[in-house]
$ cat upload30.txt   # compact mmCIF, C-alpha atoms
# COMPACT_ATOMS: atom_id res chain seq x y z
CA MET A 226 0.00 0.00 0.00
CA ASP A 227 1.21 3.52 -0.83
CA TYR A 228 1.24 5.46 2.45
CA VAL A 229 3.24 8.47 3.64
CA TYR A 230 3.35 8.96 7.41
CA SER A 231 4.10 12.68 7.28
CA PRO A 232 3.10 14.16 3.90
CA PRO A 233 3.45 17.83 2.91
CA PRO A 234 0.67 20.18 4.09
CA THR A 235 -2.78 19.00 3.02
CA PRO A 236 -6.32 20.46 3.06
CA VAL A 237 -7.90 20.30 6.51
CA GLY A 238 -9.48 16.92 7.14
CA TRP A 239 -7.51 15.07 4.48
CA LEU A 240 -5.37 13.21 7.00
CA PHE A 241 -8.42 12.02 8.93
CA ASP A 242 -10.26 11.09 5.72
CA ARG A 243 -7.27 9.09 4.47
CA LEU A 244 -7.14 7.00 7.62
CA ASP A 245 -10.93 6.55 7.57
CA GLN A 246 -10.62 5.15 4.05
CA TYR A 247 -8.02 2.62 5.18
CA GLN A 248 -10.33 1.58 7.99
CA ASP A 249 -13.16 1.09 5.52
CA MET A 250 -10.87 -0.85 3.23
CA SER A 251 -9.24 -3.27 5.66
CA ARG A 252 -9.60 -4.37 9.28
CA PRO A 253 -7.91 -4.83 11.64
CA ALA A 254 -4.79 -3.61 9.83
CA VAL A 255 -3.09 -2.76 6.57
CA TRP A 256 0.59 -3.14 5.69
CA THR A 257 2.57 -0.32 4.11
CA GLU A 258 5.97 -0.55 2.47
CA GLU A 259 6.99 2.96 3.53
CA GLY A 260 10.49 2.94 4.99
CA LYS A 261 11.19 -0.56 6.27
CA GLY A 262 7.49 -1.44 6.17
CA TYR A 263 5.03 -1.42 9.07
CA TRP A 264 1.51 -2.33 10.11
CA ILE A 265 -1.22 0.31 10.46
CA PHE A 266 -3.92 -0.84 12.86
CA THR A 267 -7.35 0.33 11.77
CA ASP A 268 -9.75 -1.26 14.26
CA HIS A 269 -10.82 0.16 17.63
CA ASP A 270 -10.32 -3.08 19.53
CA ALA A 271 -6.91 -3.77 18.00
CA LEU A 272 -5.73 -0.23 18.76
CA LEU A 273 -6.99 -0.34 22.35
CA GLU A 274 -5.60 -3.78 23.13
CA GLY A 275 -2.28 -3.02 21.46
CA LEU A 276 -1.77 0.09 23.55
CA GLN A 277 -2.60 -1.90 26.68
CA GLN A 278 -0.25 -4.83 25.87
CA ALA A 279 3.17 -3.47 26.77
CA ASP A 280 4.58 -7.01 26.95
CA LEU A 281 3.91 -7.50 23.22
CA TRP A 282 4.15 -3.94 21.92
CA SER A 283 7.23 -2.09 23.16
CA SER A 284 7.25 1.70 23.23
CA ALA A 285 10.88 1.82 22.09
CA VAL A 286 9.57 3.23 18.79
CA VAL A 287 7.22 6.22 18.50
CA ASP A 288 7.57 6.98 14.78
CA PRO A 289 6.97 4.05 12.40
CA THR A 290 9.42 5.48 9.86
CA GLN A 291 12.23 5.59 12.45
CA GLN A 292 12.35 1.98 13.55
CA ASP A 293 15.79 2.03 15.19
CA PRO A 294 15.87 5.50 16.73
CA ASP A 295 19.06 6.96 18.14
CA TYR A 296 17.08 8.93 20.71
CA MET A 297 15.20 8.01 23.88
CA TRP A 298 12.34 10.28 24.90
CA ILE A 299 11.41 9.71 28.53
CA PRO A 300 8.99 8.39 29.66
CA ILE A 301 7.12 7.90 26.37
CA MET A 302 9.70 5.46 24.98
CA LEU A 303 10.16 3.45 28.18
CA ASP A 304 8.54 0.10 28.95
CA PRO A 305 7.46 -1.24 32.34
CA PRO A 306 8.65 -1.37 35.05
CA LEU A 307 10.99 1.61 34.54
CA HIS A 308 8.24 3.61 32.85
CA ALA A 309 6.08 3.55 36.01
CA LYS A 310 8.91 5.00 38.12
CA TRP A 311 9.16 8.02 35.86
CA ARG A 312 5.38 8.41 35.75
CA ARG A 313 5.31 8.63 39.54
CA LEU A 314 7.80 11.49 39.43
CA LEU A 315 5.77 13.38 36.85
CA GLY A 316 2.31 12.48 38.11
CA ALA A 317 2.36 14.88 41.05
CA TRP A 318 2.60 17.83 38.67
CA PHE A 319 -0.56 16.94 36.75
CA THR A 320 -3.03 15.74 39.38
CA PRO A 321 -6.69 16.84 39.12
CA ALA A 322 -6.29 18.99 42.25
CA ARG A 323 -3.16 20.74 41.03
CA THR A 324 -4.72 21.27 37.61
CA LYS A 325 -7.86 22.78 39.14
CA SER A 326 -5.72 25.21 41.16
CA LEU A 327 -4.44 26.66 37.87
CA LYS A 328 -7.86 27.27 36.34
CA GLU A 329 -8.48 30.79 37.60
CA GLU A 330 -5.13 32.01 36.30
CA GLN A 331 -5.78 30.30 32.94
CA GLN A 332 -9.15 32.04 32.69
CA ARG A 333 -7.53 35.40 33.44
CA LEU A 334 -4.83 34.79 30.84
CA ALA A 335 -7.34 33.71 28.20
CA ALA A 336 -9.47 36.79 28.81
CA GLN A 337 -6.44 39.06 28.53
CA LEU A 338 -5.20 37.50 25.29
CA ILE A 339 -8.63 37.67 23.63
CA GLU A 340 -9.20 41.27 24.73
CA ARG A 341 -6.06 42.21 22.81
CA LEU A 342 -7.44 40.57 19.68
CA ARG A 343 -11.14 41.48 19.91
CA ASP A 344 -10.99 45.03 18.52
CA LYS A 345 -8.83 43.97 15.57
CA GLY A 346 -11.71 42.06 13.97
CA GLU A 347 -9.43 39.31 12.72
CA CYS A 348 -6.58 37.04 13.73
CA ASP A 349 -4.76 33.84 12.99
CA TYR A 350 -6.29 31.75 15.76
CA VAL A 351 -3.40 29.27 15.77
CA ARG A 352 -0.57 31.80 15.94
CA ASP A 353 -2.30 34.46 18.05
CA PHE A 354 -4.14 32.36 20.61
CA ALA A 355 -4.08 28.55 20.36
CA GLN A 356 -0.29 28.37 20.52
CA VAL A 357 0.12 31.19 23.02
CA LEU A 358 -2.06 30.30 26.00
CA PRO A 359 -1.04 26.67 26.52
CA SER A 360 2.60 27.58 25.87
CA ILE A 361 2.59 30.25 28.58
CA VAL A 362 0.93 27.82 31.01
CA PHE A 363 3.49 25.15 30.14
CA LEU A 364 6.51 27.44 30.52
CA GLN A 365 5.26 28.53 33.94
CA ILE A 366 4.86 24.91 35.07
CA MET A 367 8.31 24.06 33.74
CA GLY A 368 10.04 27.18 35.08
CA MET A 369 11.24 28.34 31.66
CA PRO A 370 11.52 31.98 30.47
CA LEU A 371 8.52 33.38 28.60
CA GLU A 372 10.76 35.72 26.59
CA LYS A 373 12.22 32.71 24.75
CA LEU A 374 8.81 31.43 23.61
CA ASP A 375 9.30 32.39 19.95
CA GLU A 376 12.60 30.50 19.81
CA PHE A 377 11.05 27.50 21.56
CA MET A 378 8.22 27.42 19.02
CA VAL A 379 10.69 27.33 16.11
CA TRP A 380 12.42 24.31 17.65
CA GLU A 381 9.10 22.60 18.39
CA HIS A 382 7.92 23.09 14.80
CA GLN A 383 11.10 21.60 13.39
CA ILE A 384 10.85 18.58 15.69
CA LEU A 385 7.16 17.76 15.25
CA HIS A 386 5.95 19.34 12.00
CA GLY A 387 8.50 18.38 9.40
CA ASN A 388 7.39 16.44 6.34
CA THR A 389 8.78 14.62 3.33
CA GLU A 390 9.32 17.91 1.48
CA SER A 391 10.43 20.33 4.21
CA ASP A 392 12.75 17.89 6.01
CA PRO A 393 13.19 14.78 3.86
CA ASP A 394 16.23 13.44 5.72
CA ARG A 395 15.07 14.65 9.18
CA SER A 396 18.22 16.76 9.50
CA LEU A 397 16.26 19.83 10.66
CA GLN A 398 14.55 17.69 13.26
CA ALA A 399 17.87 16.33 14.49
CA ALA A 400 19.36 19.82 14.73
CA ALA A 401 16.37 21.13 16.68
CA LEU A 402 16.49 18.17 19.06
CA HIS A 403 20.15 18.94 19.70
CA LYS A 404 19.37 22.61 20.44
CA VAL A 405 16.60 21.72 22.90
CA MET A 406 18.74 19.16 24.68
CA GLN A 407 21.65 21.61 24.90
CA TYR A 408 19.29 24.25 26.30
CA PHE A 409 17.99 21.91 29.01
CA GLY A 410 21.52 20.81 29.90
CA GLU A 411 22.49 24.44 30.48
CA LEU A 412 19.25 25.13 32.40
CA LEU A 413 19.82 22.20 34.75
CA ALA A 414 23.37 23.38 35.40
CA GLU A 415 22.12 26.90 36.15
CA ARG A 416 19.49 25.61 38.60
CA ARG A 417 22.09 23.54 40.43
CA ALA A 418 24.46 26.52 40.63
CA ASN A 419 21.69 28.87 41.82
CA PRO A 420 19.04 26.78 43.58
CA ASP A 421 15.86 28.49 44.73
CA PRO A 422 14.36 26.73 47.77
CA ASP A 423 10.99 28.35 47.07
CA ALA A 424 10.81 27.36 43.40
CA GLN A 425 7.67 25.48 42.36
CA ASP A 426 8.50 24.26 38.88
CA ILE A 427 9.44 20.99 37.20
CA VAL A 428 12.99 21.90 36.17
CA SER A 429 13.88 22.99 39.70
CA ALA A 430 12.36 19.80 41.09
CA ALA A 431 14.08 17.59 38.51
CA ILE A 432 17.56 18.27 39.88
CA THR A 433 16.49 16.50 43.09
CA TRP A 434 14.72 13.51 41.52
CA GLU A 435 15.86 9.99 42.29
CA ILE A 436 14.92 6.54 41.00
CA ASP A 437 15.50 3.56 43.25
CA GLY A 438 17.34 5.85 45.67
CA ALA A 439 19.91 7.03 43.12
CA PRO A 440 20.20 10.45 41.44
CA ILE A 441 19.05 10.50 37.83
CA PRO A 442 21.79 11.16 35.23
CA ASP A 443 21.47 14.44 33.38
CA THR A 444 21.13 12.60 30.07
CA ASP A 445 17.90 11.01 31.29
CA LEU A 446 16.62 14.23 32.87
CA ILE A 447 17.23 16.08 29.60
CA ASN A 448 15.35 13.42 27.62
CA CYS A 449 12.43 13.72 30.03
CA LEU A 450 12.35 17.51 29.81
CA LEU A 451 12.58 17.22 26.02
CA GLN A 452 9.49 15.00 25.96
CA LEU A 453 7.58 17.46 28.14
CA PHE A 454 8.73 20.30 25.86
CA MET A 455 7.29 18.61 22.77
CA ALA A 456 3.98 17.75 24.43
CA GLY A 457 3.50 21.03 26.25
CA LEU A 458 4.11 23.32 23.27
CA ASP A 459 2.10 21.41 20.69
CA THR A 460 -0.76 19.11 21.60
CA VAL A 461 -3.30 21.53 23.11
CA ALA A 462 -2.68 24.02 20.31
CA GLY A 463 -3.23 21.30 17.71
CA GLU A 464 -6.48 20.15 19.29
CA ALA A 465 -7.75 23.70 19.75
CA SER A 466 -7.12 24.44 16.07
CA TYR A 467 -9.40 21.58 14.98
CA PHE A 468 -12.03 22.56 17.56
CA MET A 469 -12.26 26.11 16.23
CA TYR A 470 -12.13 25.05 12.61
CA HIS A 471 -15.13 22.79 13.25
CA LEU A 472 -17.05 25.56 15.02
CA ALA A 473 -16.24 28.07 12.27
CA LYS A 474 -17.62 25.61 9.70
CA HIS A 475 -20.67 24.58 11.77
CA PRO A 476 -22.51 27.73 12.94
CA GLU A 477 -25.23 25.70 14.65
CA ASP A 478 -22.67 24.14 16.97
CA ARG A 479 -20.96 27.49 17.46
CA ARG A 480 -24.22 29.14 18.51
CA ARG A 481 -24.88 26.41 21.04
CA ILE A 482 -21.40 26.79 22.57
CA ALA A 483 -21.92 30.56 22.88
CA SER A 484 -25.46 30.32 24.31
CA GLU A 485 -25.03 27.17 26.42
CA PRO A 486 -21.60 27.44 28.10
CA GLU A 487 -22.55 24.60 30.43
CA LEU A 488 -22.27 22.36 27.34
CA ILE A 489 -18.55 23.08 26.90
CA PRO A 490 -17.05 20.22 28.99
CA HIS A 491 -19.16 17.73 27.04
CA ALA A 492 -18.32 19.44 23.74
CA VAL A 493 -14.60 19.16 24.54
CA GLU A 494 -14.95 15.38 24.92
CA GLU A 495 -16.94 15.00 21.71
CA LEU A 496 -14.48 17.10 19.72
CA LEU A 497 -11.56 15.17 21.20
CA ARG A 498 -13.30 11.99 20.09
CA VAL A 499 -13.72 13.12 16.49
CA TYR A 500 -10.38 14.92 16.13
CA PRO A 501 -7.64 12.98 17.99
CA ILE A 502 -4.32 14.38 16.80
CA VAL A 503 -1.76 11.96 18.24
CA GLN A 504 -0.20 9.21 16.15
CA THR A 505 2.18 6.78 17.78
CA ALA A 506 3.94 3.50 17.10
CA ARG A 507 5.11 0.34 18.84
CA LYS A 508 7.61 -2.46 18.13
CA ALA A 509 6.69 -6.13 18.53
CA THR A 510 8.73 -7.95 21.17
CA ARG A 511 7.91 -11.44 19.82
CA ASP A 512 6.08 -13.30 17.07
CA ALA A 513 2.33 -13.23 17.64
CA ASP A 514 -1.03 -13.61 15.98
CA PHE A 515 -2.50 -10.26 16.93
CA HIS A 516 -6.13 -9.85 15.88
CA GLY A 517 -5.41 -12.13 12.95
CA CYS A 518 -2.25 -10.28 11.86
CA PRO A 519 0.89 -12.49 11.62
CA VAL A 520 3.18 -10.13 13.52
CA LYS A 521 6.89 -10.92 13.63
CA ALA A 522 9.30 -9.91 16.40
CA GLY A 523 10.89 -6.57 15.55
CA GLN A 524 8.09 -5.42 13.24
CA VAL A 525 6.68 -1.97 13.88
CA ALA A 526 3.04 -0.94 14.00
CA HIS A 527 1.46 2.48 13.60
CA PHE A 528 -1.32 3.28 16.09
CA PRO A 529 -3.33 6.28 14.78
CA LEU A 530 -5.60 7.16 17.70
CA SER A 531 -8.21 8.73 15.42
CA LEU A 532 -9.16 5.33 14.02
CA ALA A 533 -10.22 4.11 17.45
CA SER A 534 -12.50 7.04 18.25
CA ARG A 535 -13.85 7.40 14.69
CA ASP A 536 -14.63 3.68 14.34
CA GLU A 537 -18.28 3.07 13.43
CA LYS A 538 -18.06 -0.21 15.35
CA ALA A 539 -17.41 1.75 18.53
CA HIS A 540 -19.77 4.70 18.00
CA PRO A 541 -22.77 5.32 15.74
CA ARG A 542 -22.02 8.08 13.20
CA ALA A 543 -18.51 8.04 14.66
CA ARG A 544 -17.03 10.54 12.20
CA THR A 545 -19.67 13.18 12.91
CA VAL A 546 -19.62 15.67 15.79
CA ASP A 547 -22.84 15.37 17.82
CA LEU A 548 -23.00 17.69 20.82
CA ASP A 549 -25.94 15.68 22.14
CA ARG A 550 -24.12 12.36 21.98
CA LYS A 551 -24.56 10.51 25.25
CA GLU A 552 -21.37 8.40 25.04
CA THR A 553 -18.17 10.28 24.22
CA ARG A 554 -15.48 7.83 25.35
CA HIS A 555 -12.37 8.11 23.21
CA LEU A 556 -8.66 7.35 23.00
CA ALA A 557 -7.48 10.88 22.26
CA PHE A 558 -5.19 10.67 25.29
CA GLY A 559 -4.09 7.13 24.51
CA ALA A 560 -4.60 4.00 26.63
CA GLY A 561 -2.63 1.62 28.77
CA PRO A 562 0.49 2.57 30.73
CA HIS A 563 1.31 5.47 28.39
CA ARG A 564 -2.02 7.26 28.66
CA CYS A 565 -1.25 10.99 28.66
CA PRO A 566 -0.38 12.19 32.18
CA GLY A 567 -1.41 15.72 31.23
CA SER A 568 -4.96 14.83 30.19
CA HIS A 569 -6.57 16.81 33.05
CA LEU A 570 -4.55 19.90 32.17
CA GLY A 571 -5.28 19.54 28.45
CA ARG A 572 -9.02 19.18 29.00
CA GLN A 573 -9.09 22.21 31.28
CA GLU A 574 -7.13 24.41 28.90
CA LEU A 575 -9.33 23.45 25.96
CA ALA A 576 -12.49 24.21 27.96
CA VAL A 577 -11.13 27.55 29.23
CA MET A 578 -10.08 28.59 25.74
CA MET A 579 -13.44 27.68 24.23
CA ALA A 580 -15.47 29.33 26.98
CA GLU A 581 -13.60 32.62 27.07
CA TRP A 582 -13.39 32.96 23.27
CA HIS A 583 -17.13 32.52 22.85
CA ARG A 584 -17.88 34.85 25.75
CA GLN A 585 -16.00 37.66 24.03
CA ILE A 586 -16.26 36.71 20.32
CA PRO A 587 -19.33 34.50 19.87
CA ASP A 588 -19.74 35.10 16.13
CA TYR A 589 -16.88 34.70 13.67
CA GLU A 590 -16.14 33.19 10.28
CA LEU A 591 -13.34 31.50 8.40
CA VAL A 592 -11.39 33.81 6.07
CA GLU A 593 -9.87 31.05 3.94
CA GLU A 594 -9.37 27.32 4.07
CA PRO A 595 -6.17 26.46 5.98
CA THR A 596 -3.91 23.45 5.68
CA GLU A 597 -2.96 20.77 8.19
CA HIS A 598 0.28 18.96 9.04
CA GLY A 599 1.07 15.40 10.01
CA LEU A 600 3.18 13.71 12.72
CA VAL A 601 1.22 15.32 15.57
CA LEU A 602 -1.76 16.62 13.61
CA GLY A 603 -2.75 20.26 13.64
CA LEU A 604 -3.62 23.25 11.50
CA ASN A 605 -0.81 25.40 10.15
CA SER A 606 -2.99 28.49 10.53
CA LEU A 607 -6.64 29.39 11.10
CA PRO A 608 -7.54 32.88 9.83
CA LEU A 609 -10.77 34.15 11.43
CA ARG A 610 -12.65 37.44 11.25
CA TRP A 611 -15.60 38.97 13.07
CA ASN A 612 -17.53 42.22 13.32
CA VAL A 613 -16.26 44.81 15.76
CA ASP A 614 -18.99 46.78 17.51
$ encode --input "upload30.txt" --output "structure tokens"
Amino acid sequence: MDYVYSPPPTPVGWLFDRLDQYQDMSRPAVWTEEGKGYWIFTDHDALLEGLQQADLWSSAVVDPTQQDPDYMWIPIMLDPPLHAKWRRLLGAWFTPARTKSLKEEQQRLAAQLIERLRDKGECDYVRDFAQVLPSIVFLQIMGMPLEKLDEFMVWEHQILHGNTESDPDRSLQAAALHKVMQYFGELLAERRANPDPDAQDIVSAAITWEIDGAPIPDTDLINCLLQLFMAGLDTVAGEASYFMYHLAKHPEDRRRIASEPELIPHAVEELLRVYPIVQTARKATRDADFHGCPVKAGQVAHFPLSLASRDEKAHPRARTVDLDRKETRHLAFGAGPHRCPGSHLGRQELAVMMAEWHRQIPDYELVEEPTEHGLVLGLNSLPLRWNVD
């Protein structure tokens, strides 16, 4: 099968439609010859069970086109039992209680950012809002300087948004990874040289972390901070871009969000279900018959999370947003041991962003059709306009 994991920019929805077509064509998987060849699982049950079976599907691979990576992102590329030890270190920073304590400040920040845009009558929602709010929240949690945000976003884009045309040999990605890792190495050294006993951020805490009673080497700390960097600067912005694109194209849903703000938490779940942006991969640890697929040890499988939540076997009219849907369970945050530890924070940010935008700018329209990118899916831009009173 002819498949490209990360194609050049495409019209919005094309990447979802392509995967839907593969699901309609073949279950529970298709095989592609891209790179060294890999499985693409297309069935809800196969995707769910694969993500839950860490003994069969190792997380040592996260990109199906890079099957023997020379990097180790922590904890996303770790398997049990070591993975759980890192999750315990990180978990305290993303508990429901801690997340809730941040909500008021997030609401204030969202209101401030939108007030600056409101009288302009137009904006690029991705650049001017969707990327800004979650990035500021993330940098505060991490203890990183806000004045370097623009530079951080360049590195993040090169790591996660390259494609077969813009970065065919992944050299830009490799260079950006090196820059981020060098930055975190210098930041850890600075925090050790000038510790702040009152600091309440992840980088300051990381210099004291231990596993099994032993200090963690800087190489591992840097790889952990790198993973947080990629997730914190990208995923919420990507999801928010699809949310607003849908609402701009579906005025009936937009009007309900504006007039029924109590619907927003449910709407967030339904939109997450229809537009999951994360794609991941796993490597088989042994030969197995997995859902009828003759998997060989060392083979890699692609797990596109959208195909679980958009599977008609799991949900009626699964590829359609229905704000009155009673059951909105989804795999947008993954499943199994690697389920996203920041899911509470992501949900809250998405709800805050949606609520505050529609409180201040309830009526808006799309200026032109944008494009989307692969790897971690998202819109490259989202030009909106509205009437200014």
$ atom_distance --input "upload30.txt" --atom1 "CA of Gly517 in chain A" --atom2 "CA of Leu276 in chain A"
16.6 Å
$ residues_around --input "upload30.txt" --residues "Thr433 in chain A" --least-positions-apart "6" --cutoff "10 Å" --atoms "all atoms listed in the file" --output "PyMOL selection string"
chain A and resi 417+440-441
$ atom_distance --input "upload30.txt" --atom1 "CA of Leu451 in chain A" --atom2 "CA of Pro393 in chain A"
22.3 Å
$ closest_residue --input "upload30.txt" --among "A:Arg323, A:His403, A:Arg554, A:Lys508" --to "Gln292 in chain A" --atoms "all atoms listed in the file"
A:Lys508
$ residues_around --input "upload30.txt" --residues "Leu273 in chain A" --least-positions-apart "5" --cutoff "12 Å" --atoms "only C-alpha atoms" --output "number ranges by chain"
A: 253, 266-268, 278-279, 282, 516, 528-534, 536, 539, 555-564
$ atom_distance --input "upload30.txt" --atom1 "CA of Arg313 in chain A" --atom2 "CA of Gly457 in chain A"
18.3 Å
$ residues_near_point --input "upload30.txt" --point "(14.4, 29.1, 34.2)" --cutoff "9 Å" --atoms "only C-alpha atoms" --output "ChimeraX atom specification"
/A:364,367-370,412-413,415-416,426,428-429
$ residues_around --input "upload30.txt" --residues "range 583-592 of chain A" --least-positions-apart "5" --cutoff "8 Å" --atoms "all atoms listed in the file" --output "mmCIF file with C-alpha atoms, keeping the file's coordinate frame"
data_model
loop_
_atom_site.group_PDB
_atom_site.id
_atom_site.type_symbol
_atom_site.label_atom_id
_atom_site.label_comp_id
_atom_site.auth_asym_id
_atom_site.auth_seq_id
_atom_site.Cartn_x
_atom_site.Cartn_y
_atom_site.Cartn_z
ATOM 1 C CA ILE A 339 -8.630 37.670 23.630
ATOM 2 C CA GLU A 340 -9.200 41.270 24.730
ATOM 3 C CA ARG A 343 -11.140 41.480 19.910
ATOM 4 C CA TYR A 470 -12.130 25.050 12.610
ATOM 5 C CA ALA A 473 -16.240 28.070 12.270
ATOM 6 C CA LYS A 474 -17.620 25.610 9.700
ATOM 7 C CA ARG A 479 -20.960 27.490 17.460
ATOM 8 C CA ARG A 480 -24.220 29.140 18.510
ATOM 9 C CA ILE A 482 -21.400 26.790 22.570
ATOM 10 C CA ALA A 483 -21.920 30.560 22.880
ATOM 11 C CA LEU A 607 -6.640 29.390 11.100
ATOM 12 C CA PRO A 608 -7.540 32.880 9.830
ATOM 13 C CA LEU A 609 -10.770 34.150 11.430
ATOM 14 C CA ARG A 610 -12.650 37.440 11.250
ATOM 15 C CA TRP A 611 -15.600 38.970 13.070
ATOM 16 C CA ASN A 612 -17.530 42.220 13.320
#
$ residues_near_point --input "upload30.txt" --point "(-3.7, 11.9, 7.6)" --cutoff "8 Å" --atoms "all atoms listed in the file" --output "PyMOL selection string"
chain A and resi 230-231+238-244+599+602
$ closest_residue --input "upload30.txt" --among "A:Ala355, A:Ile489, A:Val287, A:Ala322" --to "Leu303 in chain A" --atoms "only C-alpha atoms"
A:Val287
$ closest_residue --input "upload30.txt" --among "A:Val601, A:Ala400, A:Trp256, A:Asp245" --to "His269 in chain A" --atoms "only C-alpha atoms"
A:Asp245
$ closest_residue --input "upload30.txt" --among "A:Gln504, A:Gln246, A:Ser251, A:Thr545" --to "His475 in chain A" --atoms "all atoms listed in the file"
A:Thr545
$ build_atoms --input "upload30.txt" --residues "range 549-570 of chain A" --atoms "N, CA and C atoms" --output "PDB file, in the frame of the given file"
ATOM      1  N   ASP A 549     -24.967  16.348  21.273  1.00  0.00           N
ATOM      2  CA  ASP A 549     -25.940  15.680  22.140  1.00  0.00           C
ATOM      3  C   ASP A 549     -25.632  14.200  22.329  1.00  0.00           C
ATOM      4  N   ARG A 550     -24.490  13.767  21.840  1.00  0.00           N
ATOM      5  CA  ARG A 550     -24.120  12.360  21.980  1.00  0.00           C
ATOM      6  C   ARG A 550     -23.991  12.010  23.462  1.00  0.00           C
ATOM      7  N   LYS A 551     -24.581  10.896  23.837  1.00  0.00           N
ATOM      8  CA  LYS A 551     -24.560  10.510  25.250  1.00  0.00           C
ATOM      9  C   LYS A 551     -23.217   9.881  25.648  1.00  0.00           C
ATOM     10  N   GLU A 552     -22.603   9.115  24.752  1.00  0.00           N
ATOM     11  CA  GLU A 552     -21.370   8.400  25.040  1.00  0.00           C
ATOM     12  C   GLU A 552     -20.231   8.994  24.237  1.00  0.00           C
ATOM     13  N   THR A 553     -19.270   9.604  24.926  1.00  0.00           N
ATOM     14  CA  THR A 553     -18.170  10.280  24.220  1.00  0.00           C
ATOM     15  C   THR A 553     -16.809   9.672  24.557  1.00  0.00           C
ATOM     16  N   ARG A 554     -16.776   8.435  25.011  1.00  0.00           N
ATOM     17  CA  ARG A 554     -15.480   7.830  25.350  1.00  0.00           C
ATOM     18  C   ARG A 554     -14.579   7.833  24.105  1.00  0.00           C
ATOM     19  N   HIS A 555     -13.300   7.994  24.337  1.00  0.00           N
ATOM     20  CA  HIS A 555     -12.370   8.110  23.210  1.00  0.00           C
ATOM     21  C   HIS A 555     -10.972   7.733  23.674  1.00  0.00           C
ATOM     22  N   LEU A 556     -10.061   7.647  22.708  1.00  0.00           N
ATOM     23  CA  LEU A 556      -8.660   7.350  23.000  1.00  0.00           C
ATOM     24  C   LEU A 556      -7.757   8.514  22.623  1.00  0.00           C
ATOM     25  N   ALA A 557      -8.287   9.722  22.648  1.00  0.00           N
ATOM     26  CA  ALA A 557      -7.480  10.880  22.260  1.00  0.00           C
ATOM     27  C   ALA A 557      -6.254  11.042  23.145  1.00  0.00           C
ATOM     28  N   PHE A 558      -6.334  10.597  24.386  1.00  0.00           N
ATOM     29  CA  PHE A 558      -5.190  10.670  25.290  1.00  0.00           C
ATOM     30  C   PHE A 558      -4.451   9.336  25.390  1.00  0.00           C
ATOM     31  N   GLY A 559      -4.751   8.413  24.491  1.00  0.00           N
ATOM     32  CA  GLY A 559      -4.090   7.130  24.510  1.00  0.00           C
ATOM     33  C   GLY A 559      -4.773   6.156  25.455  1.00  0.00           C
ATOM     34  N   ALA A 560      -4.082   5.043  25.743  1.00  0.00           N
ATOM     35  CA  ALA A 560      -4.600   4.000  26.630  1.00  0.00           C
ATOM     36  C   ALA A 560      -3.426   3.208  27.163  1.00  0.00           C
ATOM     37  N   GLY A 561      -3.688   2.447  28.211  1.00  0.00           N
ATOM     38  CA  GLY A 561      -2.630   1.620  28.770  1.00  0.00           C
ATOM     39  C   GLY A 561      -1.655   2.440  29.606  1.00  0.00           C
ATOM     40  N   PRO A 562      -0.472   1.901  29.842  1.00  0.00           N
ATOM     41  CA  PRO A 562       0.490   2.570  30.730  1.00  0.00           C
ATOM     42  C   PRO A 562       0.943   3.939  30.245  1.00  0.00           C
ATOM     43  N   HIS A 563       0.837   4.198  28.934  1.00  0.00           N
ATOM     44  CA  HIS A 563       1.310   5.470  28.390  1.00  0.00           C
ATOM     45  C   HIS A 563       0.199   6.480  28.181  1.00  0.00           C
ATOM     46  N   ARG A 564      -0.960   6.253  28.781  1.00  0.00           N
ATOM     47  CA  ARG A 564      -2.020   7.260  28.660  1.00  0.00           C
ATOM     48  C   ARG A 564      -1.493   8.610  29.141  1.00  0.00           C
ATOM     49  N   CYS A 565      -1.832   9.664  28.434  1.00  0.00           N
ATOM     50  CA  CYS A 565      -1.250  10.990  28.660  1.00  0.00           C
ATOM     51  C   CYS A 565      -1.391  11.441  30.110  1.00  0.00           C
ATOM     52  N   PRO A 566      -0.284  11.723  30.792  1.00  0.00           N
ATOM     53  CA  PRO A 566      -0.380  12.190  32.180  1.00  0.00           C
ATOM     54  C   PRO A 566      -0.937  13.598  32.301  1.00  0.00           C
ATOM     55  N   GLY A 567      -0.906  14.358  31.204  1.00  0.00           N
ATOM     56  CA  GLY A 567      -1.410  15.720  31.230  1.00  0.00           C
ATOM     57  C   GLY A 567      -2.836  15.867  30.748  1.00  0.00           C
ATOM     58  N   SER A 568      -3.597  14.780  30.749  1.00  0.00           N
ATOM     59  CA  SER A 568      -4.960  14.830  30.190  1.00  0.00           C
ATOM     60  C   SER A 568      -5.853  15.811  30.954  1.00  0.00           C
ATOM     61  N   HIS A 569      -5.733  15.876  32.276  1.00  0.00           N
ATOM     62  CA  HIS A 569      -6.570  16.810  33.050  1.00  0.00           C
ATOM     63  C   HIS A 569      -6.240  18.249  32.672  1.00  0.00           C
ATOM     64  N   LEU A 570      -4.960  18.541  32.543  1.00  0.00           N
ATOM     65  CA  LEU A 570      -4.550  19.900  32.170  1.00  0.00           C
ATOM     66  C   LEU A 570      -5.012  20.224  30.761  1.00  0.00           C
TER      67      LEU A 570
END
